[in-house]
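Visitor: The structure is given below, and queries will be raised subsequently.
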Amino acid sequence: MESLLSNNRCGQAPGPDNNWTGSNIIRLCNADYDAALDELSSTAGQDARAAIIIRLNDILVQEYALIPLVYRSSASSAYSNSLGGIDINGWDSEMWNIEDWHRMDG
């Protein structure tokens, strides 16, 4: 996780000076973010590291460098009340478990 988060350091943005090979493709430059990364690299406790990672994530979201996926909806989410076995899965085909669909009594 630390290596993924460290891709967003200020000096890592791709550009002509680094032959466009920088890892900071979102081009975030935030001194608080870099300071939290330094703190993360010198912190050993799992709970303390988790708190720092959450803080780093919050910075990414609050700076709009990362827009989290919060809701995936589609019109097929509306289905008949008499149809059972429906388990819509936002990461797969909407009919991934069609063999389990059935009409409910009444």
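Letters A, B, ... go to the chains of the structure tokens in the order shown; residues in each chain start at 1; ligands are counted from 1 in the same order.
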Extract, using only C-alpha atoms, all DNA, RNA and protein residues at most 12 Å from region 27-44 of chain A, discarding same-chain residues fewer than 6 positions from it, and format them as a VMD selection string.
Guide: chain A and resid 1 to 15 20 50 to 66
Visitor: Could you save those same residues with N, CA and C atoms as a JSON list (two decimals), in the first residue's frame?
Guide:
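Output file again04.json follows:
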[["chain", "number", "residue", "atom", "x", "y", "z"],
["A", 1, "MET", "N", 0.83, -1.19, 0.00],
["A", 1, "MET", "CA", 0.00, 0.00, 0.00],
["A", 1, "MET", "C", 0.87, 1.25, 0.00],
["A", 2, "GLU", "N", 1.96, 1.19, 0.77],
["A", 2, "GLU", "CA", 2.82, 2.37, 0.86],
["A", 2, "GLU", "C", 3.43, 2.72, -0.49],
["A", 3, "SER", "N", 3.84, 1.72, -1.25],
["A", 3, "SER", "CA", 4.45, 2.01, -2.55],
["A", 3, "SER", "C", 3.43, 2.61, -3.51],
["A", 4, "LEU", "N", 2.19, 2.15, -3.44],
["A", 4, "LEU", "CA", 1.13, 2.71, -4.28],
["A", 4, "LEU", "C", 0.87, 4.18, -3.93],
["A", 5, "LEU", "N", 0.78, 4.47, -2.64],
["A", 5, "LEU", "CA", 0.53, 5.84, -2.20],
["A", 5, "LEU", "C", 1.71, 6.76, -2.49],
["A", 6, "SER", "N", 2.93, 6.21, -2.46],
["A", 6, "SER", "CA", 4.10, 7.06, -2.68],
["A", 6, "SER", "C", 4.25, 7.47, -4.14],
["A", 7, "ASN", "N", 3.48, 6.88, -5.04],
["A", 7, "ASN", "CA", 3.50, 7.30, -6.44],
["A", 7, "ASN", "C", 3.04, 8.74, -6.60],
["A", 8, "ASN", "N", 2.35, 9.29, -5.61],
["A", 8, "ASN", "CA", 1.76, 10.62, -5.72],
["A", 8, "ASN", "C", 2.59, 11.72, -5.09],
["A", 9, "ARG", "N", 3.87, 11.48, -4.88],
["A", 9, "ARG", "CA", 4.75, 12.53, -4.33],
["A", 9, "ARG", "C", 4.87, 13.68, -5.32],
["A", 10, "CYS", "N", 5.15, 14.86, -4.78],
["A", 10, "CYS", "CA", 5.24, 16.07, -5.61],
["A", 10, "CYS", "C", 6.21, 15.93, -6.78],
["A", 11, "GLY", "N", 7.39, 15.42, -6.57],
["A", 11, "GLY", "CA", 8.39, 15.37, -7.62],
["A", 11, "GLY", "C", 8.25, 14.21, -8.59],
["A", 12, "GLN", "N", 7.18, 13.44, -8.49],
["A", 12, "GLN", "CA", 7.02, 12.25, -9.31],
["A", 12, "GLN", "C", 6.13, 12.44, -10.53],
["A", 13, "ALA", "N", 5.67, 13.65, -10.80],
["A", 13, "ALA", "CA", 4.78, 13.88, -11.95],
["A", 13, "ALA", "C", 5.54, 13.67, -13.26],
["A", 14, "PRO", "N", 4.93, 12.99, -14.23],
["A", 14, "PRO", "CA", 5.60, 12.80, -15.52],
["A", 14, "PRO", "C", 5.75, 14.14, -16.24],
["A", 15, "GLY", "N", 6.87, 14.30, -16.90],
["A", 15, "GLY", "CA", 7.12, 15.53, -17.65],
["A", 15, "GLY", "C", 8.34, 15.37, -18.52],
["A", 20, "TRP", "N", 8.88, 11.74, -19.30],
["A", 20, "TRP", "CA", 7.47, 11.35, -19.14],
["A", 20, "TRP", "C", 7.32, 10.00, -18.43],
["A", 50, "ALA", "N", -2.37, 2.42, 9.69],
["A", 50, "ALA", "CA", -3.72, 2.48, 9.11],
["A", 50, "ALA", "C", -4.29, 3.89, 9.22],
["A", 51, "ALA", "N", -4.06, 4.56, 10.34],
["A", 51, "ALA", "CA", -4.55, 5.93, 10.52],
["A", 51, "ALA", "C", -3.89, 6.88, 9.52],
["A", 52, "ILE", "N", -2.61, 6.69, 9.27],
["A", 52, "ILE", "CA", -1.90, 7.54, 8.30],
["A", 52, "ILE", "C", -2.40, 7.28, 6.89],
["A", 53, "ILE", "N", -2.63, 6.01, 6.57],
["A", 53, "ILE", "CA", -3.14, 5.66, 5.24],
["A", 53, "ILE", "C", -4.52, 6.27, 5.02],
["A", 54, "ILE", "N", -5.35, 6.26, 6.04],
["A", 54, "ILE", "CA", -6.67, 6.89, 5.94],
["A", 54, "ILE", "C", -6.51, 8.39, 5.71],
["A", 55, "ARG", "N", -5.57, 9.01, 6.42],
["A", 55, "ARG", "CA", -5.32, 10.45, 6.24],
["A", 55, "ARG", "C", -4.83, 10.73, 4.81],
["A", 56, "LEU", "N", -3.96, 9.88, 4.28],
["A", 56, "LEU", "CA", -3.49, 10.05, 2.90],
["A", 56, "LEU", "C", -4.65, 9.92, 1.91],
["A", 57, "ASN", "N", -5.50, 8.95, 2.13],
["A", 57, "ASN", "CA", -6.67, 8.77, 1.27],
["A", 57, "ASN", "C", -7.58, 9.99, 1.35],
["A", 58, "ASP", "N", -7.78, 10.51, 2.55],
["A", 58, "ASP", "CA", -8.63, 11.70, 2.71],
["A", 58, "ASP", "C", -8.07, 12.88, 1.92],
["A", 59, "ILE", "N", -6.75, 13.04, 1.94],
["A", 59, "ILE", "CA", -6.13, 14.14, 1.18],
["A", 59, "ILE", "C", -6.40, 13.95, -0.31],
["A", 60, "LEU", "N", -6.24, 12.73, -0.80],
["A", 60, "LEU", "CA", -6.49, 12.46, -2.22],
["A", 60, "LEU", "C", -7.93, 12.79, -2.61],
["A", 61, "VAL", "N", -8.87, 12.42, -1.75],
["A", 61, "VAL", "CA", -10.28, 12.66, -2.05],
["A", 61, "VAL", "C", -10.62, 14.15, -1.91],
["A", 62, "GLN", "N", -10.13, 14.80, -0.87],
["A", 62, "GLN", "CA", -10.45, 16.20, -0.64],
["A", 62, "GLN", "C", -9.82, 17.12, -1.68],
["A", 63, "GLU", "N", -8.71, 16.71, -2.26],
["A", 63, "GLU", "CA", -8.06, 17.49, -3.32],
["A", 63, "GLU", "C", -8.63, 17.14, -4.70],
["A", 64, "TYR", "N", -9.61, 16.25, -4.74],
["A", 64, "TYR", "CA", -10.23, 15.77, -5.98],
["A", 64, "TYR", "C", -9.21, 15.11, -6.91],
["A", 65, "ALA", "N", -8.13, 14.58, -6.32],
["A", 65, "ALA", "CA", -7.15, 13.83, -7.10],
["A", 65, "ALA", "C", -7.67, 12.42, -7.35],
["A", 66, "LEU", "N", -8.56, 11.99, -6.49],
["A", 66, "LEU", "CA", -9.17, 10.67, -6.58],
["A", 66, "LEU", "C", -10.65, 10.84, -6.32]]
Visitor: If we count only C-alpha atoms, what is near Glu99 (chain A) at a cut-off of 12 Å, once residues fewer than 3 positions away on the same chain are taken out, given as a list in words?
Guide: Gly84, Gly85, Ile86, Asp87, Met95, Trp96 and His102 of chain A
Visitor: Running DSSP on the backbone, which parts of chain A land in strand (DSSP E or B), as a PyMOL selection string?
Guide: chain A and resi 83-84+102-103
Visitor: Would you mind exporting C-alpha atoms of the selected residues as a CSV table (one decimal), in the first residue's frame?
Guide:
chain,number,residue,atom,x,y,z
A,83,LEU,CA,-39.3,-12.4,-8.6
A,84,GLY,CA,-36.9,-14.0,-6.1
A,102,HIS,CA,-37.7,-17.8,-9.5
A,103,ARG,CA,-41.3,-16.6,-9.1
Visitor: Record the distance separating CA of Asn97 (chain A) and CA of Leu69 (chain A), expressed in Å with one decimal.
Guide: 23.7 Å
Visitor: To one decimal place in Å, what is the distance between CA of Arg49 (chain A) and CA of Thr21 (chain A)?
Guide: 28.4 Å
